[in-house]
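The structure appears right after this line, and notes come after that.
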Amino acid sequence: MTIWNEVAPRYHKRWASEDKGPFASTKKLVDSVDIKKGDKILDVACGTGVVTKKLTQKVGKTGLVVGADTSVTAIQIAKKWNANRSNLLFVNADAENFTFSEKFDIVTCQYALFFFPNASKALKNMRKSLKESGKLGMSVHGHRNRVPYFGNILDAVTQFIPEYVPPGTPDLDRYGTKKSFRDEVKKAGFSNVKVKDYTFKYSPGTFDDYWKNYLKYVAKPIKEKLNSLSKPQRKELKEMIRENTKPHTKRDGIIKFPWEVLILTAKY
C-alpha cells in the first residue's frame, strides 16, 4: 500500500487518465456487466477512478456508483478527477473488510484481485454486497508470458535481484489463466462464472523509451534495489531485457507488445 500511494499519481497521469496501456480494456469490462439506468454499483479497488468514471456515465442520474479503495492518495485523485458528479461517492475501504448497508446491482473490480492478501475473503465480501439478482465483473492481467510488457523485464530483473518481489507477496500471475481465475471466483460462491480473454497491442516506443520509462516510473523501494547493482550488472541487465524484447520489435525499432486481459462475469 505504501508503494501504491507513492506511484498512484504517476500511474494516473501516464496511463489511467488517458485510457492507455492496461486501461485499453476498461470499456470491455464495463460493457460486460450490462448496466441499466438506475443501477447501484460498487467499484472495488477503484484506484484513481477510471472504471468508476465510465460506470457513472452508464447509470444515469437515478443510479449510484460507489468507488472504494484503501489508498488515500488514489481516492484523492479520483475525487478531483470525477468532481461535480452527483451520482458518485468515493470511500476509503479495504476490500476484505468493508461493510455497506446498501446492496448493489453490480460489483466491479479491475486489476486488483491478484494483489489482495486474502482474495477469497475479498470475493466473499463482494458477494455479500450484491443483491441476489446481482452481477460481478472483474478483470486481471493474463500470465506474464502473455503480457511481455511485464514479463520481459521481470524475467531478467529477478535473475539479478531474486528478492525483487519479497517472498509471499501477491503477484500479477496469481489468476493469469482462465481456470485459476474462474476457480477462485466459483469457490467464493458465485454462479454462472464466465471468463473471456481480450488481447490488444501496446507500444512503449523504442527499447530506449521502454527502459527509460521503467526506471522513471518504478516504485522507490525497487529503484533502490536497482541502484544497488554495479554498473556492469546494470549494463548486463539492460542488454538481457533488450534481448527479451526482440521478438516484439519491428524493423523500425518500435516495440509492439501483445497484452492479454482476462475479463470475468458472474452472478450472485
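Chains: A, B, ... in order of the C-alpha cells. Residues: from 1 per chain. Ligands: from 1, in order shown.
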Taking 3 positions as the minimum chain separation for residues in the same chain, which residues sit within 10 Å of Val140 (chain A) when counting only C-alpha atoms? Answer as a VMD selection string. chain A and resid 22 109 to 114 143 172 to 178 181 197 260 to 264
Please build the interface table for region 85-142 of chain A against region 185-196 of chain A with a cut-off of 12 Å, listing for each qualifying residue the nearest atom pair and the distance in Å to one decimal; count only C-alpha atoms, order rows by chain and increasing number, and write it as a tab-separated table.
```
residue	atom	partner	partner_atom	distance
A:Leu113	CA	A:Val185	CA	10.1
A:Asn118	CA	A:Ala188	CA	11.6
A:Ala119	CA	A:Val185	CA	9.2
A:Ser120	CA	A:Ala188	CA	6.1
A:Lys121	CA	A:Ala188	CA	7.9
A:Ala122	CA	A:Ala188	CA	9.0
A:Leu123	CA	A:Ala188	CA	6.0
A:Lys124	CA	A:Ala188	CA	5.3
A:Asn125	CA	A:Ala188	CA	9.0
A:Met126	CA	A:Ala188	CA	9.4
A:Arg127	CA	A:Phe190	CA	7.4
A:Lys128	CA	A:Gly189	CA	10.0
A:Leu130	CA	A:Phe190	CA	10.7
A:Glu132	CA	A:Phe190	CA	10.6
A:Ser133	CA	A:Ser191	CA	11.2
A:Gly134	CA	A:Phe190	CA	10.2
A:Lys135	CA	A:Phe190	CA	9.1
A:Leu136	CA	A:Phe190	CA	8.5
A:Gly137	CA	A:Lys194	CA	9.8
A:Met138	CA	A:Val195	CA	9.3
A:Ser139	CA	A:Val195	CA	9.0
A:Val140	CA	A:Val195	CA	10.4
A:His141	CA	A:Lys196	CA	11.8
A:Gly142	CA	A:Lys196	CA	10.8
```
Restrict the selected residues to C-alpha atoms and save them as a PDB file, in the first residue's frame.
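Result file is again_23.pdb:
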```
ATOM      1  CA  LEU A 113      -7.781  -9.370  -7.180  1.00  0.00           C
ATOM      2  CA  ASN A 118      -6.802 -12.877   1.090  1.00  0.00           C
ATOM      3  CA  ALA A 119      -8.539 -12.887  -2.290  1.00  0.00           C
ATOM      4  CA  SER A 120     -11.136 -15.425  -1.177  1.00  0.00           C
ATOM      5  CA  LYS A 121     -12.233 -13.201   1.714  1.00  0.00           C
ATOM      6  CA  ALA A 122     -12.443 -10.173  -0.584  1.00  0.00           C
ATOM      7  CA  LEU A 123     -14.584 -12.078  -3.105  1.00  0.00           C
ATOM      8  CA  LYS A 124     -16.955 -13.331  -0.405  1.00  0.00           C
ATOM      9  CA  ASN A 125     -17.230  -9.762   0.848  1.00  0.00           C
ATOM     10  CA  MET A 126     -18.136  -8.562  -2.648  1.00  0.00           C
ATOM     11  CA  ARG A 127     -20.813 -11.254  -2.905  1.00  0.00           C
ATOM     12  CA  LYS A 128     -22.317 -10.168   0.424  1.00  0.00           C
ATOM     13  CA  LEU A 130     -24.683  -7.824  -4.006  1.00  0.00           C
ATOM     14  CA  GLU A 132     -29.465 -11.808  -5.037  1.00  0.00           C
ATOM     15  CA  SER A 133     -30.051 -10.743  -8.651  1.00  0.00           C
ATOM     16  CA  GLY A 134     -26.656  -9.011  -8.759  1.00  0.00           C
ATOM     17  CA  LYS A 135     -23.687  -9.400 -11.110  1.00  0.00           C
ATOM     18  CA  LEU A 136     -19.917  -9.357 -10.738  1.00  0.00           C
ATOM     19  CA  GLY A 137     -17.479  -8.014 -13.334  1.00  0.00           C
ATOM     20  CA  MET A 138     -13.708  -8.377 -12.865  1.00  0.00           C
ATOM     21  CA  SER A 139     -10.539  -8.224 -14.917  1.00  0.00           C
ATOM     22  CA  VAL A 140      -6.952  -9.358 -14.347  1.00  0.00           C
ATOM     23  CA  HIS A 141      -3.819  -9.443 -16.465  1.00  0.00           C
ATOM     24  CA  GLY A 142      -3.059 -12.663 -18.272  1.00  0.00           C
TER      25      GLY A 142
END
```
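The list of residues with at least one atom within 6 Å of region 38-46 of chain A, based on only C-alpha atoms and without residues fewer than 6 positions apart in the same chain, reads Val59, Thr62, Gly63, Leu64, Val65, Val66, Gly67, Ala68, Asp69, Phe104, Asp105, Ile106, Val107, Thr108 and Cys109 of chain A.
Among A:Leu29, A:Ile77, A:Ile35, A:Leu154, the residue with the shortest atom-to-atom distance to Thr48 (chain A), counting only C-alpha atoms, is A:Ile77.
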Leaving out Trp211 (chain A) and any residue of its chain fewer than 5 positions from it, which residues lie within 12 Å of it when counting only C-alpha atoms, given as a PyMOL selection string? chain A and resi 149-150+152-153+204-206+216-218+234-235+237-242+245+255
Just to be explicit: take each residue in the selection above, keep C-alpha atoms, and write the result as a PDB file, in the first residue's frame.
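Final file, again17.pdb:
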```
ATOM      1  CA  TYR A 149       5.427  -5.715 -21.214  1.00  0.00           C
ATOM      2  CA  PHE A 150       5.828  -7.010 -17.649  1.00  0.00           C
ATOM      3  CA  ASN A 152      10.364  -9.116 -20.448  1.00  0.00           C
ATOM      4  CA  ILE A 153      11.577  -7.042 -17.523  1.00  0.00           C
ATOM      5  CA  PRO A 204       6.019   1.578 -25.305  1.00  0.00           C
ATOM      6  CA  GLY A 205       8.010   3.099 -28.196  1.00  0.00           C
ATOM      7  CA  THR A 206      11.605   2.076 -28.832  1.00  0.00           C
ATOM      8  CA  LYS A 216      11.288   6.588 -14.281  1.00  0.00           C
ATOM      9  CA  TYR A 217       8.039   5.037 -13.055  1.00  0.00           C
ATOM     10  CA  VAL A 218       9.238   2.135 -10.912  1.00  0.00           C
ATOM     11  CA  ARG A 234      23.083  -2.818 -14.807  1.00  0.00           C
ATOM     12  CA  LYS A 235      24.532  -2.944 -18.318  1.00  0.00           C
ATOM     13  CA  LEU A 237      20.534  -6.419 -17.148  1.00  0.00           C
ATOM     14  CA  LYS A 238      19.654  -3.822 -19.758  1.00  0.00           C
ATOM     15  CA  GLU A 239      21.020  -5.991 -22.585  1.00  0.00           C
ATOM     16  CA  MET A 240      19.168  -9.030 -21.274  1.00  0.00           C
ATOM     17  CA  ILE A 241      15.906  -7.098 -21.354  1.00  0.00           C
ATOM     18  CA  ARG A 242      16.727  -5.786 -24.841  1.00  0.00           C
ATOM     19  CA  THR A 245      12.068  -7.599 -26.450  1.00  0.00           C
ATOM     20  CA  ILE A 255       8.201  -2.420 -29.839  1.00  0.00           C
TER      21      ILE A 255
END
```
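The nearest approach to Glu102 (chain A) among the residues A:Ala83, A:Pro117, A:Ser129, A:Leu55, with only C-alpha atoms taken into account, belongs to A:Ser129.
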Counting only C-alpha atoms, which residue out of A:Val72, A:Val50, A:Val7, A:Ala93 sits closest to Phe23 (chain A)? A:Val50
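Among A:Asn97, A:Leu89, A:Lys54, A:Val157, the residue with the shortest atom-to-atom distance to Asp19 (chain A), counting only C-alpha atoms, is A:Lys54.
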Using DSSP on the backbone coordinates, identify the residues of region 68-200 of chain A assigned to strand (DSSP E); present them as a PyMOL selection string. chain A and resi 68-69+88-92+104-110+130-141+191-200
Would you export the selected residues with N, CA and C atoms as a compact mmCIF listing (two decimals), in the first residue's frame, please?
```txt
# COMPACT_ATOMS: atom_id res chain seq x y z
N ALA A 68 -14.46 2.35 -4.01
CA ALA A 68 -13.80 2.05 -2.73
C ALA A 68 -12.36 1.63 -2.97
N ASP A 69 -11.44 2.20 -2.20
CA ASP A 69 -10.03 1.85 -2.31
C ASP A 69 -9.35 2.15 -0.97
N LEU A 88 -22.10 9.85 -7.60
CA LEU A 88 -20.84 9.17 -7.32
C LEU A 88 -20.32 9.49 -5.92
N LEU A 89 -19.85 8.44 -5.24
CA LEU A 89 -19.28 8.59 -3.90
C LEU A 89 -18.00 7.77 -3.83
N PHE A 90 -16.94 8.37 -3.29
CA PHE A 90 -15.68 7.66 -3.07
C PHE A 90 -15.43 7.47 -1.57
N VAL A 91 -14.99 6.28 -1.20
CA VAL A 91 -14.70 5.99 0.21
C VAL A 91 -13.40 5.22 0.33
N ASN A 92 -12.71 5.43 1.44
CA ASN A 92 -11.53 4.61 1.76
C ASN A 92 -12.04 3.35 2.44
N PHE A 104 -25.93 -3.83 -3.75
CA PHE A 104 -25.67 -3.31 -5.08
C PHE A 104 -26.17 -4.25 -6.18
N ASP A 105 -26.49 -3.65 -7.33
CA ASP A 105 -26.88 -4.43 -8.50
C ASP A 105 -25.65 -5.07 -9.16
N ILE A 106 -24.54 -4.36 -9.09
CA ILE A 106 -23.32 -4.80 -9.76
C ILE A 106 -22.11 -4.47 -8.88
N VAL A 107 -21.13 -5.36 -8.87
CA VAL A 107 -19.82 -5.08 -8.26
C VAL A 107 -18.77 -5.26 -9.35
N THR A 108 -17.87 -4.28 -9.48
CA THR A 108 -16.77 -4.38 -10.44
C THR A 108 -15.44 -4.31 -9.72
N CYS A 109 -14.41 -4.84 -10.35
CA CYS A 109 -13.07 -4.79 -9.76
C CYS A 109 -12.06 -5.02 -10.89
N GLN A 110 -11.27 -4.01 -11.19
CA GLN A 110 -10.28 -4.10 -12.27
C GLN A 110 -8.86 -4.14 -11.73
N LEU A 130 -23.79 -7.76 -2.85
CA LEU A 130 -24.68 -7.82 -4.01
C LEU A 130 -26.12 -8.20 -3.63
N LYS A 131 -27.05 -7.71 -4.42
CA LYS A 131 -28.42 -8.21 -4.34
C LYS A 131 -28.40 -9.64 -4.88
N GLU A 132 -29.43 -10.42 -4.57
CA GLU A 132 -29.47 -11.81 -5.04
C GLU A 132 -29.56 -11.89 -6.57
N SER A 133 -30.00 -10.80 -7.18
CA SER A 133 -30.05 -10.74 -8.65
C SER A 133 -28.80 -10.08 -9.23
N GLY A 134 -27.81 -9.81 -8.37
CA GLY A 134 -26.66 -9.01 -8.76
C GLY A 134 -25.61 -9.72 -9.61
N LYS A 135 -24.73 -8.91 -10.20
CA LYS A 135 -23.69 -9.40 -11.11
C LYS A 135 -22.31 -8.91 -10.67
N LEU A 136 -21.31 -9.70 -11.00
CA LEU A 136 -19.92 -9.36 -10.74
C LEU A 136 -19.19 -9.21 -12.06
N GLY A 137 -18.34 -8.19 -12.17
CA GLY A 137 -17.48 -8.01 -13.33
C GLY A 137 -16.06 -7.73 -12.87
N MET A 138 -15.10 -8.54 -13.31
CA MET A 138 -13.71 -8.38 -12.87
C MET A 138 -12.75 -8.56 -14.05
N SER A 139 -11.58 -7.97 -13.92
CA SER A 139 -10.54 -8.22 -14.92
C SER A 139 -9.18 -8.35 -14.24
N VAL A 140 -8.33 -9.18 -14.81
CA VAL A 140 -6.95 -9.36 -14.35
C VAL A 140 -6.06 -9.44 -15.58
N HIS A 141 -4.77 -9.24 -15.37
CA HIS A 141 -3.82 -9.44 -16.46
C HIS A 141 -3.65 -10.93 -16.71
N SER A 191 -22.06 -17.92 -9.13
CA SER A 191 -22.54 -18.88 -10.13
C SER A 191 -22.40 -18.30 -11.54
N ASN A 192 -22.61 -19.17 -12.54
CA ASN A 192 -22.56 -18.75 -13.94
C ASN A 192 -21.29 -17.94 -14.24
N VAL A 193 -20.17 -18.45 -13.78
CA VAL A 193 -18.88 -17.75 -13.93
C VAL A 193 -18.33 -17.98 -15.34
N LYS A 194 -18.06 -16.90 -16.04
CA LYS A 194 -17.54 -16.98 -17.40
C LYS A 194 -16.31 -16.07 -17.53
N VAL A 195 -15.30 -16.56 -18.22
CA VAL A 195 -14.07 -15.78 -18.42
C VAL A 195 -13.75 -15.71 -19.92
N LYS A 196 -13.53 -14.50 -20.40
CA LYS A 196 -13.13 -14.30 -21.79
C LYS A 196 -11.78 -13.60 -21.82
N ASP A 197 -11.00 -13.92 -22.84
CA ASP A 197 -9.72 -13.22 -22.97
C ASP A 197 -9.84 -12.13 -24.04
N TYR A 198 -9.14 -11.06 -23.76
CA TYR A 198 -9.11 -9.92 -24.68
C TYR A 198 -7.65 -9.50 -24.82
N THR A 199 -7.15 -9.54 -26.04
CA THR A 199 -5.76 -9.18 -26.28
C THR A 199 -5.68 -7.98 -27.21
N PHE A 200 -4.91 -7.00 -26.80
CA PHE A 200 -4.71 -5.80 -27.61
C PHE A 200 -3.21 -5.55 -27.76
```
List the neighbours of Trp4 (chain A) out to 9 Å using only C-alpha atoms; skip same-chain residues closer than 2 positions along the sequence, and give me the result as a ChimeraX atom specification. /A:1-2,6-8,71,73-74,219
Atoms to include: N, CA and C atoms. Write the selected residues as a PDB file, in the first residue's frame.
```pdb
ATOM      1  N   MET A   1       0.829  -1.202   0.000  1.00  0.00           N
ATOM      2  CA  MET A   1       0.000   0.000   0.000  1.00  0.00           C
ATOM      3  C   MET A   1       0.870   1.261   0.000  1.00  0.00           C
ATOM      4  N   THR A   2       1.999   1.175   0.684  1.00  0.00           N
ATOM      5  CA  THR A   2       2.935   2.299   0.677  1.00  0.00           C
ATOM      6  C   THR A   2       3.399   2.591  -0.753  1.00  0.00           C
ATOM      7  N   GLU A   6       2.575   5.838  -3.343  1.00  0.00           N
ATOM      8  CA  GLU A   6       3.657   6.593  -3.989  1.00  0.00           C
ATOM      9  C   GLU A   6       3.449   6.695  -5.499  1.00  0.00           C
ATOM     10  N   VAL A   7       3.099   5.574  -6.144  1.00  0.00           N
ATOM     11  CA  VAL A   7       3.063   5.556  -7.611  1.00  0.00           C
ATOM     12  C   VAL A   7       1.723   5.991  -8.204  1.00  0.00           C
ATOM     13  N   ALA A   8       0.670   6.071  -7.388  1.00  0.00           N
ATOM     14  CA  ALA A   8      -0.671   6.383  -7.916  1.00  0.00           C
ATOM     15  C   ALA A   8      -0.708   7.633  -8.802  1.00  0.00           C
ATOM     16  N   SER A  71      -6.229   3.129  -0.708  1.00  0.00           N
ATOM     17  CA  SER A  71      -5.216   4.162  -0.891  1.00  0.00           C
ATOM     18  C   SER A  71      -5.801   5.566  -0.753  1.00  0.00           C
ATOM     19  N   THR A  73      -4.174   8.340  -1.308  1.00  0.00           N
ATOM     20  CA  THR A  73      -3.696   9.120  -2.453  1.00  0.00           C
ATOM     21  C   THR A  73      -4.559   8.878  -3.688  1.00  0.00           C
ATOM     22  N   ALA A  74      -4.861   7.602  -3.967  1.00  0.00           N
ATOM     23  CA  ALA A  74      -5.670   7.265  -5.137  1.00  0.00           C
ATOM     24  C   ALA A  74      -7.071   7.858  -5.029  1.00  0.00           C
ATOM     25  N   ALA A 219       8.612   1.941  -8.561  1.00  0.00           N
ATOM     26  CA  ALA A 219       8.456   2.404  -7.178  1.00  0.00           C
ATOM     27  C   ALA A 219       9.807   2.556  -6.489  1.00  0.00           C
TER      28      ALA A 219
END
```
Just the helix (DSSP H, G or I) stuff from region 29-124 of chain A, please, per backbone DSSP, written as a PyMOL selection string. chain A and resi 29-32+50-59+72-81+113-115+119-124
How would the residues just picked look written out with N, CA and C atoms as a compact mmCIF listing (two decimals), in the first residue's frame?
```
# COMPACT_ATOMS: atom_id res chain seq x y z
N LEU A 29 -14.65 -4.29 -19.87
CA LEU A 29 -15.12 -4.70 -18.55
C LEU A 29 -16.47 -4.05 -18.25
N VAL A 30 -16.57 -2.75 -18.45
CA VAL A 30 -17.81 -2.03 -18.18
C VAL A 30 -18.97 -2.56 -19.02
N ASP A 31 -18.70 -2.82 -20.29
CA ASP A 31 -19.75 -3.33 -21.18
C ASP A 31 -20.20 -4.74 -20.78
N SER A 32 -19.30 -5.50 -20.18
CA SER A 32 -19.59 -6.91 -19.89
C SER A 32 -20.67 -7.11 -18.83
N VAL A 50 -10.85 5.27 -12.79
CA VAL A 50 -11.01 5.08 -14.24
C VAL A 50 -12.28 4.31 -14.57
N VAL A 51 -12.44 3.14 -13.95
CA VAL A 51 -13.65 2.35 -14.17
C VAL A 51 -14.86 3.12 -13.62
N THR A 52 -14.67 3.68 -12.45
CA THR A 52 -15.76 4.40 -11.77
C THR A 52 -16.35 5.49 -12.66
N LYS A 53 -15.49 6.22 -13.34
CA LYS A 53 -15.95 7.31 -14.20
C LYS A 53 -16.84 6.78 -15.32
N LYS A 54 -16.44 5.68 -15.92
CA LYS A 54 -17.24 5.10 -17.00
C LYS A 54 -18.56 4.54 -16.47
N LEU A 55 -18.55 4.02 -15.26
CA LEU A 55 -19.78 3.49 -14.67
C LEU A 55 -20.81 4.59 -14.44
N THR A 56 -20.35 5.75 -13.96
CA THR A 56 -21.29 6.85 -13.67
C THR A 56 -21.98 7.34 -14.94
N GLN A 57 -21.28 7.21 -16.07
CA GLN A 57 -21.88 7.64 -17.35
C GLN A 57 -22.97 6.69 -17.81
N LYS A 58 -22.98 5.47 -17.26
CA LYS A 58 -23.95 4.45 -17.66
C LYS A 58 -25.19 4.44 -16.77
N VAL A 59 -25.05 4.72 -15.48
CA VAL A 59 -26.18 4.55 -14.55
C VAL A 59 -27.17 5.70 -14.57
N VAL A 72 -5.32 6.29 0.21
CA VAL A 72 -5.76 7.68 0.42
C VAL A 72 -5.38 8.54 -0.78
N THR A 73 -4.17 8.34 -1.31
CA THR A 73 -3.70 9.12 -2.45
C THR A 73 -4.56 8.88 -3.69
N ALA A 74 -4.86 7.60 -3.97
CA ALA A 74 -5.67 7.26 -5.14
C ALA A 74 -7.07 7.86 -5.03
N ILE A 75 -7.67 7.79 -3.84
CA ILE A 75 -9.01 8.33 -3.64
C ILE A 75 -9.02 9.85 -3.82
N GLN A 76 -7.98 10.51 -3.36
CA GLN A 76 -7.88 11.97 -3.54
C GLN A 76 -7.86 12.33 -5.02
N ILE A 77 -7.09 11.57 -5.80
CA ILE A 77 -7.02 11.82 -7.25
C ILE A 77 -8.38 11.53 -7.88
N ALA A 78 -9.00 10.43 -7.48
CA ALA A 78 -10.30 10.04 -8.04
C ALA A 78 -11.36 11.10 -7.79
N LYS A 79 -11.38 11.65 -6.58
CA LYS A 79 -12.36 12.68 -6.25
C LYS A 79 -12.17 13.93 -7.10
N LYS A 80 -10.92 14.32 -7.27
CA LYS A 80 -10.62 15.52 -8.06
C LYS A 80 -10.95 15.30 -9.53
N TRP A 81 -10.64 14.13 -10.04
CA TRP A 81 -10.83 13.81 -11.45
C TRP A 81 -12.31 13.63 -11.80
N LEU A 113 -7.61 -8.11 -7.90
CA LEU A 113 -7.78 -9.37 -7.18
C LEU A 113 -6.45 -10.02 -6.85
N PHE A 114 -5.48 -9.96 -7.77
CA PHE A 114 -4.19 -10.61 -7.54
C PHE A 114 -3.38 -9.94 -6.44
N PHE A 115 -3.73 -8.72 -6.06
CA PHE A 115 -3.00 -8.02 -5.01
C PHE A 115 -3.58 -8.21 -3.61
N ALA A 119 -7.62 -13.12 -1.17
CA ALA A 119 -8.54 -12.89 -2.29
C ALA A 119 -9.89 -13.54 -2.06
N SER A 120 -9.88 -14.72 -1.44
CA SER A 120 -11.14 -15.42 -1.18
C SER A 120 -12.03 -14.61 -0.25
N LYS A 121 -11.46 -14.02 0.78
CA LYS A 121 -12.23 -13.20 1.71
C LYS A 121 -12.80 -11.97 1.01
N ALA A 122 -11.99 -11.36 0.15
CA ALA A 122 -12.44 -10.17 -0.58
C ALA A 122 -13.61 -10.53 -1.51
N LEU A 123 -13.52 -11.66 -2.20
CA LEU A 123 -14.58 -12.08 -3.10
C LEU A 123 -15.88 -12.37 -2.35
N LYS A 124 -15.77 -13.05 -1.21
CA LYS A 124 -16.95 -13.33 -0.40
C LYS A 124 -17.58 -12.03 0.11
```
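Taking only C-alpha atoms into account, Gly253 (chain A) lies nearest to A:Ser203 out of the set A:Thr265, A:Asn227, A:Ser203, A:Ser86.
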Å distance separating CA of Lys201 (chain A) from CA of Ile254 (chain A), one decimal place: 12.2 Å
